[in-house]
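**Q** Input file: work-v1.cif. Contents: mmCIF, C-alpha atoms.
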data_data
#
loop_
_atom_site.label_atom_id
_atom_site.label_comp_id
_atom_site.auth_asym_id
_atom_site.auth_seq_id
_atom_site.Cartn_x
_atom_site.Cartn_y
_atom_site.Cartn_z
CA MET A 1 42.82 7.34 -35.19
CA LYS A 2 44.23 4.98 -32.57
CA LYS A 3 43.56 7.56 -29.88
CA LEU A 4 39.95 7.97 -31.06
CA PHE A 5 39.49 4.20 -31.05
CA LEU A 6 40.73 3.99 -27.44
CA VAL A 7 38.35 6.76 -26.39
CA LEU A 8 35.42 4.98 -28.05
CA LEU A 9 36.44 1.73 -26.37
CA MET A 10 36.46 3.46 -22.98
CA VAL A 11 32.99 4.93 -23.61
CA VAL A 12 31.59 1.52 -24.58
CA ALA A 13 33.16 -0.06 -21.49
CA THR A 14 31.69 2.62 -19.24
CA VAL A 15 28.21 2.29 -20.73
CA THR A 16 28.40 -1.50 -20.39
CA MET A 17 29.44 -1.21 -16.76
CA VAL A 18 26.63 1.22 -15.92
CA SER A 19 24.09 -0.95 -17.77
CA ALA A 20 25.21 -3.97 -15.77
CA GLN A 21 24.54 -2.10 -12.54
CA ALA A 22 21.06 -0.79 -13.42
CA LYS A 23 17.99 -2.77 -14.42
CA LYS A 24 16.45 -1.83 -17.75
CA ARG A 25 13.01 -1.57 -16.16
CA GLU A 26 12.26 -1.24 -12.47
CA MET A 27 9.69 0.18 -10.10
CA ARG A 28 10.80 3.45 -8.52
CA ALA A 29 7.81 4.52 -6.48
CA VAL A 30 6.72 6.50 -3.46
CA TRP A 31 3.63 6.25 -1.27
CA ILE A 32 1.66 9.48 -0.79
CA ALA A 33 -0.42 9.04 2.37
CA THR A 34 -3.50 11.18 2.92
CA VAL A 35 -4.76 9.68 6.20
CA ALA A 36 -4.26 12.12 9.08
CA ASN A 37 -2.68 14.52 6.52
CA ILE A 38 0.72 12.92 6.98
CA ASP A 39 1.84 13.56 3.37
CA TRP A 40 -0.84 15.41 1.42
CA PRO A 41 -2.59 17.71 1.90
CA SER A 42 -0.54 18.91 4.85
CA GLN A 43 -3.61 20.32 6.59
CA ARG A 44 -7.36 19.87 6.37
CA ASN A 45 -8.11 23.58 5.95
CA LEU A 46 -6.04 24.27 2.81
CA ASN A 47 -7.81 25.86 -0.12
CA VAL A 48 -7.79 24.21 -3.55
CA LYS A 49 -4.92 26.36 -4.82
CA GLN A 50 -2.75 25.33 -1.86
CA GLN A 51 -3.71 21.66 -2.22
CA LYS A 52 -2.73 21.66 -5.89
CA ALA A 53 0.54 23.48 -5.19
CA GLU A 54 1.53 20.92 -2.54
CA LEU A 55 0.77 17.97 -4.80
CA LEU A 56 2.69 19.53 -7.69
CA GLN A 57 5.68 20.00 -5.39
CA ILE A 58 5.58 16.28 -4.56
CA LEU A 59 5.26 15.29 -8.24
CA ASP A 60 8.08 17.63 -9.31
CA SER A 61 10.30 16.18 -6.58
CA CYS A 62 9.48 12.68 -7.83
CA ALA A 63 10.21 13.60 -11.44
CA ALA A 64 13.55 15.16 -10.47
CA LEU A 65 14.55 11.85 -8.85
CA ASN A 66 13.40 9.69 -11.82
CA ILE A 67 10.64 8.18 -9.70
CA ASN A 68 8.23 6.58 -12.13
CA THR A 69 5.20 5.79 -9.96
CA ILE A 70 3.19 7.31 -7.14
CA VAL A 71 0.96 5.24 -4.86
CA LEU A 72 -1.71 7.75 -3.86
CA GLN A 73 -4.07 7.01 -0.97
CA ILE A 74 -7.56 7.88 -2.23
CA ARG A 75 -9.76 5.93 0.23
CA PRO A 76 -8.16 6.14 3.68
CA THR A 77 -11.27 5.58 5.85
CA ALA A 78 -14.20 4.51 3.63
CA ASP A 79 -14.20 8.01 2.16
CA ALA A 80 -13.04 9.57 -1.09
CA PHE A 81 -10.35 11.81 -2.52
CA TYR A 82 -12.30 11.70 -5.79
CA THR A 83 -15.84 12.29 -7.01
CA SER A 84 -17.94 9.39 -5.75
CA THR A 85 -21.63 8.59 -5.43
CA LEU A 86 -20.80 5.65 -3.15
CA GLU A 87 -18.78 7.30 -0.39
CA PRO A 88 -18.44 10.85 0.98
CA TRP A 89 -15.63 13.29 0.41
CA SER A 90 -12.83 12.72 2.93
CA HIS A 91 -12.55 15.04 5.91
CA TRP A 92 -8.77 14.76 5.51
CA LEU A 93 -9.30 16.76 2.29
CA THR A 94 -11.88 19.40 3.18
CA GLY A 95 -12.04 19.38 6.98
CA LYS A 96 -15.51 17.85 7.10
CA GLN A 97 -16.59 14.53 5.65
CA GLY A 98 -19.08 14.86 2.82
CA VAL A 99 -18.10 18.44 1.96
CA ARG A 100 -16.62 18.74 -1.52
CA PRO A 101 -13.66 21.00 -2.33
CA HIS A 102 -14.58 24.66 -2.59
CA ALA A 103 -13.71 25.99 -6.06
CA PHE A 104 -14.49 22.46 -7.13
CA TYR A 105 -11.92 20.06 -8.60
CA ASP A 106 -11.41 16.30 -8.59
CA PRO A 107 -8.13 15.59 -6.72
CA LEU A 108 -7.67 12.14 -8.26
CA GLN A 109 -8.20 13.39 -11.82
CA PHE A 110 -5.79 16.25 -11.13
CA ALA A 111 -3.19 13.82 -9.77
CA ILE A 112 -3.55 11.52 -12.78
CA ASP A 113 -3.29 14.36 -15.31
CA GLU A 114 -0.25 15.94 -13.67
CA SER A 115 1.49 12.61 -13.03
CA HIS A 116 1.04 11.34 -16.57
CA LYS A 117 2.39 14.67 -17.90
CA ARG A 118 5.56 13.79 -16.01
CA PHE A 119 5.56 10.15 -17.24
CA ILE A 120 4.67 8.97 -13.75
CA ASP A 121 2.21 6.11 -13.27
CA VAL A 122 -0.58 6.35 -10.69
CA HIS A 123 -1.39 3.42 -8.41
CA VAL A 124 -4.42 4.23 -6.26
CA TRP A 125 -4.22 3.04 -2.67
CA LEU A 126 -7.39 1.92 -0.91
CA ASN A 127 -7.96 0.59 2.60
CA PRO A 128 -10.60 -2.12 2.26
CA TYR A 129 -12.19 -2.40 5.71
CA ARG A 130 -11.23 0.64 7.82
CA VAL A 131 -14.05 3.16 8.44
CA THR A 132 -12.74 5.37 11.25
CA ASN A 133 -9.45 6.02 13.03
CA SER A 134 -11.24 6.54 16.35
CA ASP A 135 -14.58 5.86 17.99
CA ASN A 136 -15.87 9.34 17.13
CA LEU A 137 -18.83 8.70 14.84
CA ASP A 138 -19.53 12.42 14.69
CA LEU A 139 -16.77 12.60 12.06
CA LEU A 140 -18.92 10.58 9.64
CA SER A 141 -21.16 12.31 7.15
CA LYS A 142 -24.86 11.63 7.65
CA ASP A 143 -24.80 10.26 4.09
CA HIS A 144 -22.18 7.66 4.99
CA LEU A 145 -23.12 4.02 4.43
CA TYR A 146 -22.74 3.48 8.18
CA TYR A 147 -26.00 5.36 8.78
CA LYS A 148 -27.80 3.49 6.01
CA ASN A 149 -26.83 -0.02 7.13
CA LYS A 150 -25.13 -0.24 10.53
CA ASP A 151 -25.24 -4.05 10.37
CA LEU A 152 -22.29 -3.99 7.95
CA PHE A 153 -19.95 -2.58 10.58
CA VAL A 154 -18.21 -3.63 13.79
CA LYS A 155 -16.27 -1.78 16.47
CA TYR A 156 -12.85 -3.11 17.47
CA GLY A 157 -10.03 -1.48 19.38
CA GLY A 158 -11.88 1.82 19.51
CA LYS A 159 -12.30 1.99 15.72
CA TYR A 160 -14.97 1.00 13.22
CA TYR A 161 -14.56 -1.48 10.37
CA PHE A 162 -16.58 -3.19 7.68
CA ASP A 163 -17.26 -6.78 8.78
CA PRO A 164 -15.11 -8.86 6.36
CA GLY A 165 -17.35 -11.90 6.92
CA LEU A 166 -20.36 -10.39 5.15
CA ASP A 167 -21.21 -10.96 1.49
CA GLU A 168 -22.54 -7.37 1.45
CA THR A 169 -19.09 -6.05 2.42
CA ARG A 170 -17.45 -7.80 -0.52
CA ALA A 171 -20.19 -6.64 -2.88
CA PHE A 172 -19.76 -3.02 -1.78
CA LEU A 173 -15.96 -3.09 -2.08
CA ASN A 174 -16.29 -4.48 -5.59
CA LYS A 175 -18.63 -1.60 -6.49
CA VAL A 176 -16.13 0.95 -5.16
CA VAL A 177 -13.23 -0.53 -7.14
CA GLU A 178 -15.38 -1.01 -10.26
CA ASP A 179 -16.37 2.66 -10.13
CA ILE A 180 -12.75 3.84 -9.87
CA VAL A 181 -11.42 1.60 -12.64
CA GLN A 182 -14.26 2.49 -15.00
CA ARG A 183 -14.00 6.27 -14.58
CA TYR A 184 -10.30 6.97 -14.06
CA ASP A 185 -7.15 6.22 -16.04
CA VAL A 186 -5.39 4.55 -13.11
CA ASP A 187 -2.47 2.18 -13.62
CA ALA A 188 -3.11 -0.06 -10.61
CA ILE A 189 -5.30 -0.69 -7.59
CA HIS A 190 -3.19 -1.02 -4.43
CA PHE A 191 -3.98 -2.34 -0.93
CA ASP A 192 -1.56 -2.13 2.00
CA ASP A 193 -1.28 -4.31 5.11
CA TYR A 194 -4.63 -3.48 6.72
CA PHE A 195 -6.95 -6.42 6.13
CA TYR A 196 -8.32 -7.70 9.41
CA PRO A 197 -6.94 -5.10 11.83
CA TYR A 198 -3.82 -5.67 13.89
CA LYS A 199 -4.84 -7.57 17.01
CA VAL A 200 -5.73 -5.71 20.18
CA ALA A 201 -4.70 -7.42 23.42
CA ASN A 202 -7.51 -9.21 25.27
CA GLU A 203 -10.12 -8.26 22.66
CA GLU A 204 -11.63 -10.67 20.14
CA PHE A 205 -12.62 -9.30 16.75
CA PRO A 206 -16.46 -9.13 16.97
CA ASP A 207 -17.46 -11.24 13.96
CA TYR A 208 -19.24 -13.98 15.93
CA LYS A 209 -22.63 -13.09 14.41
CA SER A 210 -21.45 -13.17 10.78
CA PHE A 211 -19.63 -16.45 11.47
CA ARG A 212 -22.72 -17.96 13.09
CA ASP A 213 -24.98 -16.85 10.23
CA ASN A 214 -22.68 -17.81 7.37
CA PRO A 215 -19.94 -20.31 8.40
CA ARG A 216 -19.66 -21.69 4.83
CA GLY A 217 -18.86 -25.16 6.16
CA TYR A 218 -16.17 -24.07 8.64
CA SER A 219 -16.43 -25.37 12.21
CA PRO A 220 -15.88 -23.13 15.28
CA MET A 221 -12.37 -24.62 15.53
CA GLN A 222 -11.69 -23.35 12.00
CA LYS A 223 -12.68 -19.74 12.53
CA ASP A 224 -9.20 -18.47 11.57
CA ASP A 225 -9.49 -20.39 8.27
CA TRP A 226 -12.92 -18.84 7.74
CA ARG A 227 -11.44 -15.37 8.25
CA ARG A 228 -8.65 -16.11 5.78
CA ASN A 229 -11.24 -17.33 3.31
CA ASN A 230 -13.13 -14.03 3.67
CA VAL A 231 -10.01 -12.15 2.60
CA ASN A 232 -9.14 -14.70 -0.11
CA MET A 233 -12.59 -14.23 -1.64
CA ILE A 234 -12.40 -10.43 -1.80
CA ILE A 235 -8.92 -10.53 -3.34
CA ALA A 236 -10.02 -12.99 -6.06
CA GLU A 237 -13.24 -11.07 -6.74
CA LEU A 238 -11.49 -7.71 -6.98
CA GLN A 239 -8.91 -9.09 -9.39
CA GLN A 240 -11.76 -10.31 -11.61
CA THR A 241 -13.59 -6.99 -11.32
CA ILE A 242 -10.50 -5.01 -12.33
CA LYS A 243 -9.49 -7.26 -15.23
CA SER A 244 -13.04 -7.49 -16.61
CA ILE A 245 -13.06 -3.71 -17.10
CA LYS A 246 -9.44 -2.90 -17.99
CA PRO A 247 -7.16 -5.95 -18.23
CA TRP A 248 -4.06 -3.74 -18.21
CA VAL A 249 -4.79 -2.25 -14.78
CA GLU A 250 -2.76 -4.11 -12.17
CA PHE A 251 -3.72 -5.24 -8.68
CA GLY A 252 -0.99 -5.03 -6.06
CA ILE A 253 -0.72 -5.75 -2.35
CA SER A 254 1.75 -4.30 0.16
CA PRO A 255 1.63 -6.67 3.13
CA PHE A 256 3.33 -6.61 6.50
CA GLY A 257 6.87 -7.84 5.88
CA VAL A 258 6.56 -11.32 7.42
CA TRP A 259 4.22 -13.92 5.93
CA ARG A 260 4.95 -16.46 8.69
CA ASN A 261 7.91 -17.22 10.93
CA LYS A 262 9.67 -20.52 10.33
CA SER A 263 8.63 -21.57 13.82
CA SER A 264 5.00 -21.40 12.67
CA ASP A 265 5.52 -22.92 9.22
CA PRO A 266 8.61 -24.56 7.66
CA ARG A 267 7.95 -22.46 4.54
CA GLY A 268 8.22 -19.27 6.58
CA SER A 269 11.13 -16.88 7.01
CA ASP A 270 13.89 -17.30 9.60
CA THR A 271 12.44 -14.50 11.73
CA GLN A 272 10.81 -14.07 15.13
CA ALA A 273 8.32 -11.36 14.22
CA GLY A 274 5.56 -10.61 16.71
CA VAL A 275 3.02 -10.24 13.88
CA GLN A 276 2.44 -12.60 10.96
CA ASN A 277 0.25 -11.90 7.94
CA TYR A 278 -1.24 -15.38 7.83
CA ASP A 279 -2.01 -15.76 11.53
CA ASP A 280 -2.80 -12.23 12.70
CA LEU A 281 -4.11 -10.28 9.68
CA TYR A 282 -5.59 -13.38 7.99
CA ALA A 283 -3.84 -12.47 4.75
CA ASP A 284 -2.41 -15.47 2.89
CA ILE A 285 -0.14 -13.59 0.50
CA LEU A 286 1.56 -16.70 -0.86
CA LYS A 287 -1.79 -18.15 -1.93
CA TRP A 288 -2.60 -14.99 -3.90
CA LEU A 289 0.80 -14.97 -5.58
CA ASN A 290 0.64 -18.66 -6.41
CA GLU A 291 -2.90 -18.44 -7.81
CA GLY A 292 -2.25 -15.21 -9.72
CA THR A 293 -4.99 -13.17 -8.06
CA ILE A 294 -2.53 -10.29 -7.61
CA ASP A 295 -0.03 -8.86 -10.09
CA TYR A 296 2.61 -7.62 -7.68
CA VAL A 297 3.62 -7.75 -4.05
CA THR A 298 5.39 -5.06 -2.01
CA PRO A 299 6.35 -6.49 1.40
CA GLN A 300 6.96 -3.75 3.92
CA LEU A 301 10.52 -4.53 4.97
CA TYR A 302 10.81 -1.72 7.47
CA TRP A 303 13.67 -3.22 9.51
CA GLU A 304 17.40 -2.66 9.26
CA ILE A 305 19.96 -5.11 7.93
CA GLY A 306 21.02 -7.23 10.88
CA LYS A 307 17.91 -6.76 13.06
CA LYS A 308 17.76 -9.89 15.18
CA VAL A 309 14.03 -10.71 15.03
CA ALA A 310 13.42 -9.47 11.47
CA ASP A 311 16.59 -9.00 9.44
CA TYR A 312 16.12 -7.06 6.21
CA ALA A 313 18.67 -9.27 4.46
CA VAL A 314 16.91 -12.46 5.51
CA LEU A 315 13.52 -11.17 4.38
CA ALA A 316 14.73 -9.76 1.05
CA LYS A 317 16.08 -13.20 0.22
CA TRP A 318 12.94 -14.98 1.44
CA TRP A 319 10.56 -12.85 -0.62
CA SER A 320 12.78 -13.17 -3.70
CA GLU A 321 12.39 -16.95 -3.34
CA ASN A 322 8.64 -16.79 -2.75
CA SER A 323 7.27 -14.30 -5.29
CA TYR A 324 5.98 -17.01 -7.66
CA GLY A 325 7.11 -15.12 -10.73
CA LYS A 326 5.03 -12.03 -9.93
CA ASN A 327 6.58 -8.59 -9.74
CA LEU A 328 8.31 -8.03 -6.41
CA TYR A 329 8.81 -4.45 -5.25
CA VAL A 330 10.28 -4.00 -1.78
CA GLY A 331 8.71 -1.44 0.55
CA LEU A 332 11.41 0.70 2.20
CA TYR A 333 11.04 2.88 5.30
CA ALA A 334 12.28 6.23 4.02
CA THR A 335 10.79 8.32 6.85
CA GLN A 336 12.70 6.29 9.44
CA LEU A 337 16.00 7.81 8.28
CA GLY A 338 17.54 9.93 11.02
CA ASN A 339 14.83 9.06 13.54
CA LYS A 340 16.48 9.68 16.91
CA ASP A 341 14.32 6.98 18.54
CA ALA A 342 15.15 4.31 15.95
CA ALA A 343 17.93 1.71 15.98
CA ALA A 344 21.46 3.01 15.39
CA ALA A 345 21.48 1.87 11.76
CA TRP A 346 18.85 4.48 10.91
CA ARG A 347 20.73 7.28 12.69
CA LYS A 348 24.35 6.92 11.66
CA GLY A 349 24.15 6.34 7.91
CA ASN A 350 21.88 5.87 4.97
CA GLU A 351 20.31 2.50 5.74
CA LEU A 352 18.11 2.69 2.63
CA ALA A 353 21.17 2.96 0.39
CA ARG A 354 22.56 -0.22 1.97
CA GLN A 355 19.25 -1.97 1.45
CA MET A 356 18.97 -0.94 -2.21
CA GLN A 357 22.54 -2.08 -2.77
CA HIS A 358 21.66 -5.40 -1.13
CA ASN A 359 18.64 -5.78 -3.45
CA LYS A 360 20.93 -5.94 -6.48
CA ALA A 361 21.88 -9.49 -5.47
CA TYR A 362 18.36 -10.68 -6.37
CA LYS A 363 17.12 -10.57 -9.93
CA GLU A 364 13.59 -11.23 -8.64
CA ILE A 365 13.44 -7.81 -6.93
CA ASP A 366 11.95 -5.52 -9.56
CA GLY A 367 12.21 -2.23 -7.70
CA VAL A 368 11.18 -0.40 -4.54
CA ILE A 369 8.39 1.72 -3.11
CA LEU A 370 9.44 4.32 -0.57
CA PHE A 371 7.31 4.99 2.49
CA ARG A 372 6.63 7.84 2.20
CA ALA A 373 6.65 11.21 0.35
CA GLN A 374 7.97 13.19 3.33
CA GLY A 375 11.19 11.19 3.18
CA ILE A 376 12.12 12.71 -0.16
CA LEU A 377 10.53 16.12 0.44
CA LYS A 378 12.75 16.53 3.51
CA ASN A 379 15.71 14.76 1.86
CA LEU A 380 16.30 12.80 5.06
CA GLN A 381 19.98 11.91 5.53
CA GLY A 382 20.60 13.10 1.96
CA ILE A 383 18.57 10.20 0.54
CA ASN A 384 17.79 12.19 -2.61
CA ASP A 385 21.49 12.49 -3.44
CA SER A 386 21.90 8.72 -3.05
CA LEU A 387 18.89 8.06 -5.26
CA ARG A 388 19.93 10.52 -7.95
CA SER A 389 23.60 9.53 -8.03
CA ASN A 390 23.54 5.79 -7.46
CA TYR A 391 20.14 4.16 -7.72
CA PHE A 392 17.57 6.05 -9.80
#
Output the structure of this file as structure tokens.

**A**
Amino acid sequence: MKKLFLVLLMVVATVTMVSAQAKKREMRAVWIATVANIDWPSQRNLNVKQQKAELLQILDSCAALNINTIVLQIRPTADAFYTSTLEPWSHWLTGKQGVRPHAFYDPLQFAIDESHKRFIDVHVWLNPYRVTNSDNLDLLSKDHLYYKNKDLFVKYGGKYYFDPGLDETRAFLNKVVEDIVQRYDVDAIHFDDYFYPYKVANEEFPDYKSFRDNPRGYSPMQKDDWRRNNVNMIIAELQQTIKSIKPWVEFGISPFGVWRNKSSDPRGSDTQAGVQNYDDLYADILKWLNEGTIDYVTPQLYWEIGKKVADYAVLAKWWSENSYGKNLYVGLYATQLGNKDAAAAWRKGNELARQMQHNKAYKEIDGVILFRAQGILKNLQGINDSLRSNYF
């Protein structure tokens, strides 16, 4: 009896120890990128059977690792990986924009059905303003909104974008999101870091006409504030659109990893990043968190622990102190593992394991999202073993 008691005591102690190391609930997610076929589908000329097989392989790999969420890119360039009357089928899916899958199926509905079978949530990832990845307009379907109302669009850095300063742009984006939330059983709407595009040297974003026509009380000296207000408005409107249809569907943002450097704002992080959300992408993440217009934030902390200008450890702490009580999921750079051109930390050991271990110091960090699916499909640096044995 005494021996049995000691065995039971050891079991209880072990369970207690394991429970102390793992959070009861956490985000364990992976991005699945469709733009340029970098995750899925692997090529533009795959038939439907091959497309489905590839996606099922990704989902089975996620399930085997106890990943509980996928973040699936369904609108990479103002196009659709789902049935839409507003935007054309993506050429990343079928090889030609506007052409639907042969042996018809709805990729988003398929992804939702198969994910939910595996107890995996589906966050749908949309890019709000990007229309093309090049200046080749021949890629656009003749039914694309661009050909119906060219005044909504601008060219910058050899690419085309919706003009964020137009009321019509916000109205259209709200229609797109409304359509998705109404018709599909999605768990969240997700935007990444692409709001106003990353700045191109010696080229001003061409929104002078929309600013002139609708300055909304901002002076020419306040144009940056006007741009931020454009983004603030769409974020607040989309949150209202989503919640008015299905209050349980979340709205999350995955911004560039630095809000502002301390040298720009005393509230900023102790970093020297060359890009700042607030100043360069006109995305005031802290405002959205503070006002509750987003449900979660996933800063892309794609730098190693100890990096001089943007130290992962410094930023993990900063975001944990500035999440305003909203869910904080850290974006991790899984496909950087083993990259021969990356810093030594990514080549000589599992940097992601060190980062996830570091995250345990902060109760505010509610999980991670891995960028991206190829990292786990290729099991870079044995990351899957680390996830399965120690983290997930």

**Q** I'd like to see the residues matched by the PyMOL selection byres ((chain A and resi 91-97) around 12) on this file, and ideally I'd get them as a ChimeraX atom specification.

**A** /A:33-48,50-52,73-82,87-90,98-108,131-133,137-144

**Q** Work out how far atom CA of Asn174 of chain A is from atom CA of Ile242 of chain A, in Å to one decimal.

**A** 8.9 Å

**Q** Distance atom CA of Ile294 of chain A-atom CA of Arg170 of chain A, one decimal place?

**A**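 Interatomic distance, atom CA of Ile294 of chain A to atom CA of Arg170 of chain A: 16.7 Å.
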
**Q** Please evaluate the PyMOL selection byres ((chain A and resi 180-189) around 6) against the displayed coordinates and give the resulting residues as a list in words.

**A**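 Evaluating the PyMOL selection byres ((chain A and resi 180-189) around 6) on this file yields Val122, His123, Val124, Val177, Glu178, Asp179, His190, Val249, Glu250 and Phe251 of chain A.
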
**Q** Which residues come within 6 Å of segment 276-278 of chain A, counting only C-alpha atoms, excluding same-chain residues fewer than 6 positions away, as a list of chain:residue names?

**A**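 Once the adjacent positions are removed, what remains is A:Val258, A:Trp259, A:Arg260, A:Asp284.
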
**Q** Which residues are close to Arg25 of chain A, i.e. within 12 Å by only C-alpha atoms, leaving aside same-chain residues fewer than 3 positions away? Reply as an NGL selection string.

**A** :A and (19 or 22 or 28 or 67-68 or 327 or 363 or 365-368 or 392)

**Q** Store the residues picked out above in a file with C-alpha atoms, as a JSON list (two decimals), in the frame of the given file.

**A**
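File written: result-v5.json
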[["chain", "number", "residue", "atom", "x", "y", "z"],
["A", 19, "SER", "CA", 24.09, -0.95, -17.77],
["A", 22, "ALA", "CA", 21.06, -0.79, -13.42],
["A", 28, "ARG", "CA", 10.80, 3.45, -8.52],
["A", 67, "ILE", "CA", 10.64, 8.18, -9.70],
["A", 68, "ASN", "CA", 8.23, 6.58, -12.13],
["A", 327, "ASN", "CA", 6.58, -8.59, -9.74],
["A", 363, "LYS", "CA", 17.12, -10.57, -9.93],
["A", 365, "ILE", "CA", 13.44, -7.81, -6.93],
["A", 366, "ASP", "CA", 11.95, -5.52, -9.56],
["A", 367, "GLY", "CA", 12.21, -2.23, -7.70],
["A", 368, "VAL", "CA", 11.18, -0.40, -4.54],
["A", 392, "PHE", "CA", 17.57, 6.05, -9.80]]
